[in-house]
>>> print(open('entry-v2.pdb').read())   # PDB, C-alpha atoms
ATOM      1  CA  MET A   1      30.886  35.920  -7.039
ATOM      2  CA  GLY A   2      31.021  32.761  -9.199
ATOM      3  CA  SER A   3      30.749  30.475  -6.185
ATOM      4  CA  PHE A   4      27.787  32.493  -4.855
ATOM      5  CA  VAL A   5      25.940  32.064  -8.177
ATOM      6  CA  ARG A   6      26.633  28.308  -8.132
ATOM      7  CA  TRP A   7      25.435  28.127  -4.520
ATOM      8  CA  ALA A   8      22.253  30.094  -5.336
ATOM      9  CA  LEU A   9      21.506  27.931  -8.372
ATOM     10  CA  SER A  10      22.074  24.793  -6.297
ATOM     11  CA  LEU A  11      19.676  26.104  -3.656
ATOM     12  CA  VAL A  12      17.010  26.891  -6.266
ATOM     13  CA  ALA A  13      17.440  23.428  -7.828
ATOM     14  CA  ALA A  14      17.157  21.765  -4.412
ATOM     15  CA  VAL A  15      13.968  23.683  -3.586
ATOM     16  CA  MET A  16      12.470  22.747  -6.965
ATOM     17  CA  LEU A  17      13.373  19.081  -6.440
ATOM     18  CA  VAL A  18      11.827  18.999  -2.963
ATOM     19  CA  THR A  19       8.683  20.688  -4.287
ATOM     20  CA  ALA A  20       8.377  18.227  -7.170
ATOM     21  CA  VAL A  21       8.989  15.148  -5.027
ATOM     22  CA  SER A  22       6.775  16.228  -2.125
ATOM     23  CA  GLY A  23       3.612  15.304  -4.046
ATOM     24  CA  CYS A  24       4.836  11.871  -5.148
ATOM     25  CA  GLY A  25       3.560  10.003  -2.094
ATOM     26  CA  GLN A  26       0.026  11.333  -2.309
ATOM     27  CA  GLU A  27      -2.722   8.860  -1.606
ATOM     28  CA  LYS A  28      -5.416  11.021  -3.196
ATOM     29  CA  PRO A  29      -6.726   9.602  -6.474
ATOM     30  CA  VAL A  30      -6.029  11.530  -9.666
ATOM     31  CA  PRO A  31      -9.232  13.209 -10.926
ATOM     32  CA  GLY A  32     -10.675  11.270 -13.854
ATOM     33  CA  GLU A  33      -8.722   8.102 -13.082
ATOM     34  CA  PRO A  34     -10.727   4.987 -12.134
ATOM     35  CA  THR A  35     -11.131   4.400  -8.404
ATOM     36  CA  MET A  36     -12.877   1.857  -6.197
ATOM     37  CA  VAL A  37     -14.169   2.248  -2.651
ATOM     38  CA  VAL A  38     -14.889  -0.797  -0.479
ATOM     39  CA  ALA A  39     -15.062  -1.036   3.314
ATOM     40  CA  GLY A  40     -14.137   2.659   3.524
ATOM     41  CA  ALA A  41     -10.857   2.181   1.634
ATOM     42  CA  THR A  42     -10.119   3.834  -1.728
ATOM     43  CA  PHE A  43      -8.083   2.083  -4.430
ATOM     44  CA  ASP A  44      -6.636   3.317  -7.713
ATOM     45  CA  LEU A  45      -7.874   0.946 -10.417
ATOM     46  CA  ARG A  46      -6.358  -0.623 -13.470
ATOM     47  CA  VAL A  47      -9.223  -1.814 -15.685
ATOM     48  CA  ALA A  48      -9.170  -4.914 -17.926
ATOM     49  CA  ARG A  49     -11.885  -5.151 -20.596
ATOM     50  CA  THR A  50     -10.481  -6.709 -23.766
ATOM     51  CA  ALA A  51      -9.847 -10.434 -24.139
ATOM     52  CA  SER A  52      -6.071  -9.924 -24.022
ATOM     53  CA  GLU A  53      -6.293  -7.614 -20.972
ATOM     54  CA  LEU A  54      -8.551 -10.097 -19.172
ATOM     55  CA  GLU A  55      -6.162 -12.967 -19.909
ATOM     56  CA  ARG A  56      -3.016 -11.046 -18.973
ATOM     57  CA  GLY A  57      -4.327  -9.315 -15.845
ATOM     58  CA  LEU A  58      -1.456  -8.641 -13.451
ATOM     59  CA  SER A  59       0.762 -11.366 -14.959
ATOM     60  CA  GLY A  60       4.321 -10.183 -15.421
ATOM     61  CA  THR A  61       4.007  -7.227 -13.048
ATOM     62  CA  ALA A  62       6.526  -6.819 -10.230
ATOM     63  CA  SER A  63       4.142  -5.717  -7.484
ATOM     64  CA  LEU A  64       0.829  -4.141  -6.571
ATOM     65  CA  ALA A  65       0.689  -1.291  -4.056
ATOM     66  CA  PRO A  66      -1.677  -1.604  -1.079
ATOM     67  CA  ASP A  67      -3.877   1.161  -2.530
ATOM     68  CA  GLU A  68      -4.054  -0.320  -6.046
ATOM     69  CA  ALA A  69      -6.345  -2.941  -7.558
ATOM     70  CA  MET A  70      -7.239  -4.361 -10.948
ATOM     71  CA  LEU A  71     -10.883  -4.561 -12.026
ATOM     72  CA  PHE A  72     -11.809  -7.196 -14.601
ATOM     73  CA  VAL A  73     -14.996  -6.344 -16.516
ATOM     74  CA  LEU A  74     -16.251  -9.747 -17.636
ATOM     75  CA  PRO A  75     -18.032 -10.191 -20.983
ATOM     76  CA  ALA A  76     -20.850 -12.160 -19.311
ATOM     77  CA  ARG A  77     -21.998 -13.104 -15.828
ATOM     78  CA  GLY A  78     -20.608 -16.461 -14.717
ATOM     79  CA  SER A  79     -18.068 -18.266 -12.580
ATOM     80  CA  ALA A  80     -14.987 -16.450 -13.822
ATOM     81  CA  GLY A  81     -11.837 -18.316 -12.895
ATOM     82  CA  VAL A  82      -8.585 -16.633 -11.911
ATOM     83  CA  TRP A  83      -5.191 -18.198 -12.515
ATOM     84  CA  MET A  84      -1.797 -17.104 -11.216
ATOM     85  CA  LYS A  85       0.129 -17.493 -14.485
ATOM     86  CA  ASP A  86       3.395 -15.488 -14.512
ATOM     87  CA  MET A  87       2.609 -13.878 -11.152
ATOM     88  CA  ALA A  88       5.511 -12.884  -8.891
ATOM     89  CA  TYR A  89       3.506 -12.172  -5.732
ATOM     90  CA  PRO A  90       0.354 -13.367  -3.920
ATOM     91  CA  ILE A  91      -2.914 -11.446  -4.241
ATOM     92  CA  ASP A  92      -6.368 -11.252  -2.704
ATOM     93  CA  ILE A  93      -9.319 -11.733  -5.064
ATOM     94  CA  MET A  94     -12.853 -10.395  -4.820
ATOM     95  CA  TRP A  95     -15.751 -11.369  -7.098
ATOM     96  CA  LEU A  96     -18.657  -8.916  -7.600
ATOM     97  CA  ASP A  97     -22.153  -9.300  -9.022
ATOM     98  CA  ASP A  98     -23.816  -6.886 -11.443
ATOM     99  CA  ARG A  99     -24.973  -4.694  -8.504
ATOM    100  CA  MET A 100     -21.348  -4.300  -7.369
ATOM    101  CA  SER A 101     -21.900  -6.441  -4.273
ATOM    102  CA  VAL A 102     -19.138  -8.775  -3.116
ATOM    103  CA  VAL A 103     -20.210 -12.381  -3.769
ATOM    104  CA  ASP A 104     -16.960 -14.095  -2.757
ATOM    105  CA  VAL A 105     -13.416 -13.339  -1.589
ATOM    106  CA  LEU A 106     -10.172 -15.278  -1.599
ATOM    107  CA  ARG A 107      -7.213 -14.380   0.555
ATOM    108  CA  SER A 108      -3.620 -14.839  -0.535
ATOM    109  CA  ALA A 109      -3.790 -16.649  -3.880
ATOM    110  CA  GLN A 110      -0.236 -17.914  -4.367
ATOM    111  CA  PRO A 111       1.835 -17.768  -7.582
ATOM    112  CA  SER A 112       2.907 -21.378  -7.005
ATOM    113  CA  SER A 113      -0.717 -22.526  -7.483
ATOM    114  CA  TYR A 114      -0.382 -22.176 -11.281
ATOM    115  CA  PRO A 115      -1.104 -24.255 -13.367
ATOM    116  CA  LYS A 116      -2.779 -26.663 -10.962
ATOM    117  CA  THR A 117      -5.383 -24.299  -9.522
ATOM    118  CA  ILE A 118      -7.943 -21.998 -11.091
ATOM    119  CA  TYR A 119      -9.787 -20.003  -8.425
ATOM    120  CA  THR A 120     -13.548 -19.667  -8.968
ATOM    121  CA  PRO A 121     -16.274 -17.918  -6.954
ATOM    122  CA  SER A 122     -19.025 -19.676  -5.027
ATOM    123  CA  SER A 123     -21.646 -17.560  -6.876
ATOM    124  CA  PRO A 124     -21.806 -16.136 -10.409
ATOM    125  CA  SER A 125     -20.024 -12.823 -10.872
ATOM    126  CA  THR A 126     -19.820  -9.985 -13.370
ATOM    127  CA  PHE A 127     -16.596  -8.405 -12.122
ATOM    128  CA  VAL A 128     -13.374  -9.644 -10.536
ATOM    129  CA  VAL A 129     -11.019  -7.473  -8.495
ATOM    130  CA  GLU A 130      -7.410  -8.415  -7.740
ATOM    131  CA  MET A 131      -5.815  -6.603  -4.796
ATOM    132  CA  ALA A 132      -2.576  -6.693  -2.841
ATOM    133  CA  ASP A 133      -2.148  -9.663  -0.511
ATOM    134  CA  GLY A 134      -3.650  -8.898   2.897
ATOM    135  CA  THR A 135      -6.167  -6.306   1.657
ATOM    136  CA  VAL A 136      -9.243  -8.446   2.398
ATOM    137  CA  ALA A 137      -8.146  -9.052   6.001
ATOM    138  CA  ARG A 138      -6.842  -5.513   6.586
ATOM    139  CA  HIS A 139     -10.155  -3.937   5.564
ATOM    140  CA  GLY A 140     -12.493  -6.713   6.724
ATOM    141  CA  ILE A 141     -13.959  -7.253   3.254
ATOM    142  CA  THR A 142     -16.713  -9.894   3.260
ATOM    143  CA  PRO A 143     -19.448 -11.116   0.908
ATOM    144  CA  GLY A 144     -22.450  -8.801   0.854
ATOM    145  CA  MET A 145     -20.432  -5.580   1.036
ATOM    146  CA  ARG A 146     -21.086  -2.982  -1.630
ATOM    147  CA  VAL A 147     -18.320  -1.658  -3.864
ATOM    148  CA  GLN A 148     -18.344   1.762  -5.498
ATOM    149  CA  VAL A 149     -16.423   2.236  -8.748
ATOM    150  CA  GLU A 150     -15.951   5.629 -10.390
ATOM    151  CA  GLY A 151     -14.258   6.683 -13.597
ATOM    152  CA  ALA A 152     -14.201   3.200 -15.145
ATOM    153  CA  GLY A 153     -17.080   3.771 -17.566
ATOM    154  CA  LEU A 154     -19.311   1.064 -16.125
TER     155      LEU A 154
END
>>> encode(input="entry-v2.pdb", output="C-alpha cells")
Amino acid sequence: MGSFVRWALSLVAAVMLVTAVSGCGQEKPVPGEPTMVVAGATFDLRVARTASELERGLSGTASLAPDEAMLFVLPARGSAGVWMKDMAYPIDIMWLDDRMSVVDVLRSAQPSSYPKTIYTPSSPSTFVVEMADGTVARHGITPGMRVQVEGAGL
C-alpha cells in the first residue's frame, strides 16, 4: 500500500508539473502588458521612459526573444542616437515619429560597434524600438509602416 500511495502522489505531481509548464511557451501577450504590432507581428514590450532607463536600454541583458522588443519613449522629437554599450548580441533598430510611423530602420547593429558608432535615424523621431537581430528582414519592416502600441500609456 505504501508504494501505491507514493506512485499515486508521483503521478499527481507529474500531471501538475505538465499542466503548469504547458502554458510557458505561449506566444499570446499577457493582458495589460505593453505590446506592439508591426507588419502583422506582435511583440511583448519593455518600455524605457526615465533618463536612466533610456541610457541603459538593453545593455547588460543576455538576449532578446524574437517576440520581444524595447520601446524608448524619447523626451523630445529629434535624431535620437543608439549605442551598443555593454551589449552581448546584435539587434535591429526602428525609429518612429509621433504618429507611430516607421521613419528609419537599421538591421543588425553589432556590439563591437561601441564606442566608435552611434546609430542615428535619417529623419527626426519620437520613439526608438530595439528588436532581436533579423526581425526587420523577417517581417519586411520598412519606413512608412504604421506601428500600433497598446498598454504602454502613450
>>> atom_distance(input="entry-v2.pdb", atom1="CA of Ala62 in chain A", atom2="CA of Asp86 in chain A")
10.2 Å
>>> atom_distance(input="entry-v2.pdb", atom1="CA of Ser63 in chain A", atom2="CA of Met100 in chain A")
25.5 Å
>>> resolve_selection(input="entry-v2.pdb", expression="the PyMOL selection byres ((chain A and resi 104) around 12)", output="ChimeraX atom specification")
/A:79-80,92-97,100-103,105-107,119-129,136,141-146
>>> write_last_selection(input="entry-v2.pdb", atoms="C-alpha atoms", output="PDB file, keeping the file's coordinate frame")
ATOM      1  CA  SER A  79     -18.068 -18.266 -12.580  1.00  0.00           C
ATOM      2  CA  ALA A  80     -14.987 -16.450 -13.822  1.00  0.00           C
ATOM      3  CA  ASP A  92      -6.368 -11.252  -2.704  1.00  0.00           C
ATOM      4  CA  ILE A  93      -9.319 -11.733  -5.064  1.00  0.00           C
ATOM      5  CA  MET A  94     -12.853 -10.395  -4.820  1.00  0.00           C
ATOM      6  CA  TRP A  95     -15.751 -11.369  -7.098  1.00  0.00           C
ATOM      7  CA  LEU A  96     -18.657  -8.916  -7.600  1.00  0.00           C
ATOM      8  CA  ASP A  97     -22.153  -9.300  -9.022  1.00  0.00           C
ATOM      9  CA  MET A 100     -21.348  -4.300  -7.369  1.00  0.00           C
ATOM     10  CA  SER A 101     -21.900  -6.441  -4.273  1.00  0.00           C
ATOM     11  CA  VAL A 102     -19.138  -8.775  -3.116  1.00  0.00           C
ATOM     12  CA  VAL A 103     -20.210 -12.381  -3.769  1.00  0.00           C
ATOM     13  CA  VAL A 105     -13.416 -13.339  -1.589  1.00  0.00           C
ATOM     14  CA  LEU A 106     -10.172 -15.278  -1.599  1.00  0.00           C
ATOM     15  CA  ARG A 107      -7.213 -14.380   0.555  1.00  0.00           C
ATOM     16  CA  TYR A 119      -9.787 -20.003  -8.425  1.00  0.00           C
ATOM     17  CA  THR A 120     -13.548 -19.667  -8.968  1.00  0.00           C
ATOM     18  CA  PRO A 121     -16.274 -17.918  -6.954  1.00  0.00           C
ATOM     19  CA  SER A 122     -19.025 -19.676  -5.027  1.00  0.00           C
ATOM     20  CA  SER A 123     -21.646 -17.560  -6.876  1.00  0.00           C
ATOM     21  CA  PRO A 124     -21.806 -16.136 -10.409  1.00  0.00           C
ATOM     22  CA  SER A 125     -20.024 -12.823 -10.872  1.00  0.00           C
ATOM     23  CA  THR A 126     -19.820  -9.985 -13.370  1.00  0.00           C
ATOM     24  CA  PHE A 127     -16.596  -8.405 -12.122  1.00  0.00           C
ATOM     25  CA  VAL A 128     -13.374  -9.644 -10.536  1.00  0.00           C
ATOM     26  CA  VAL A 129     -11.019  -7.473  -8.495  1.00  0.00           C
ATOM     27  CA  VAL A 136      -9.243  -8.446   2.398  1.00  0.00           C
ATOM     28  CA  ILE A 141     -13.959  -7.253   3.254  1.00  0.00           C
ATOM     29  CA  THR A 142     -16.713  -9.894   3.260  1.00  0.00           C
ATOM     30  CA  PRO A 143     -19.448 -11.116   0.908  1.00  0.00           C
ATOM     31  CA  GLY A 144     -22.450  -8.801   0.854  1.00  0.00           C
ATOM     32  CA  MET A 145     -20.432  -5.580   1.036  1.00  0.00           C
ATOM     33  CA  ARG A 146     -21.086  -2.982  -1.630  1.00  0.00           C
TER      34      ARG A 146
END
>>> resolve_selection(input="entry-v2.pdb", expression="the PyMOL selection byres ((chain A and resi 112) around 9)", output="mmCIF file with C-alpha atoms, in the frame of the given file")
data_model
loop_
_atom_site.group_PDB
_atom_site.id
_atom_site.type_symbol
_atom_site.label_atom_id
_atom_site.label_comp_id
_atom_site.auth_asym_id
_atom_site.auth_seq_id
_atom_site.Cartn_x
_atom_site.Cartn_y
_atom_site.Cartn_z
ATOM 1 C CA MET A 84 -1.797 -17.104 -11.216
ATOM 2 C CA LYS A 85 0.129 -17.493 -14.485
ATOM 3 C CA MET A 87 2.609 -13.878 -11.152
ATOM 4 C CA PRO A 90 0.354 -13.367 -3.920
ATOM 5 C CA ALA A 109 -3.790 -16.649 -3.880
ATOM 6 C CA GLN A 110 -0.236 -17.914 -4.367
ATOM 7 C CA PRO A 111 1.835 -17.768 -7.582
ATOM 8 C CA SER A 113 -0.717 -22.526 -7.483
ATOM 9 C CA TYR A 114 -0.382 -22.176 -11.281
ATOM 10 C CA PRO A 115 -1.104 -24.255 -13.367
ATOM 11 C CA LYS A 116 -2.779 -26.663 -10.962
#
>>> closest_residue(input="entry-v2.pdb", among="A:His139, A:Asp98, A:Ser108, A:Glu130", to="Leu64 in chain A", atoms="all atoms listed in the file")
A:Glu130
>>> atom_distance(input="entry-v2.pdb", atom1="CA of Gly78 in chain A", atom2="CA of Gly60 in chain A")
25.7 Å
>>> closest_residue(input="entry-v2.pdb", among="A:Ala132, A:Ala88, A:Ala137, A:Val82", to="Ser59 in chain A", atoms="only C-alpha atoms")
A:Ala88
>>> closest_residue(input="entry-v2.pdb", among="A:Arg138, A:Arg99, A:Arg77, A:Arg56", to="Gly40 in chain A", atoms="all atoms listed in the file")
A:Arg138
>>> decode(input="entry-v2.pdb", residues="range 91-114 of chain A", atoms="C-alpha atoms", output="short mmCIF file (atom, residue, chain, number, x, y, z; two decimals), in the first residue's frame")
data_model
loop_
_atom_site.label_atom_id
_atom_site.label_comp_id
_atom_site.auth_asym_id
_atom_site.auth_seq_id
_atom_site.Cartn_x
_atom_site.Cartn_y
_atom_site.Cartn_z
CA ILE A 91 19.86 43.99 -32.62
CA ASP A 92 17.64 45.60 -35.23
CA ILE A 93 16.58 49.20 -34.58
CA MET A 94 13.47 51.04 -35.72
CA TRP A 95 12.84 54.78 -35.30
CA LEU A 96 9.22 56.07 -35.16
CA ASP A 97 7.70 59.52 -35.49
CA ASP A 98 4.97 60.94 -33.25
CA ARG A 99 2.28 59.26 -35.42
CA MET A 100 3.89 55.86 -34.80
CA SER A 101 5.10 55.57 -38.39
CA VAL A 102 8.48 53.99 -39.10
CA VAL A 103 10.90 56.71 -40.25
CA ASP A 104 14.05 54.57 -40.42
CA VAL A 105 15.32 51.05 -39.72
CA LEU A 106 18.74 49.56 -39.11
CA ARG A 107 19.48 45.88 -39.43
CA SER A 108 21.96 44.05 -37.24
CA ALA A 109 23.63 46.73 -35.12
CA GLN A 110 26.71 44.97 -33.74
CA PRO A 111 28.01 45.10 -30.14
CA SER A 112 31.54 45.61 -31.48
CA SER A 113 30.49 49.00 -32.93
CA TYR A 114 30.70 50.60 -29.46
#
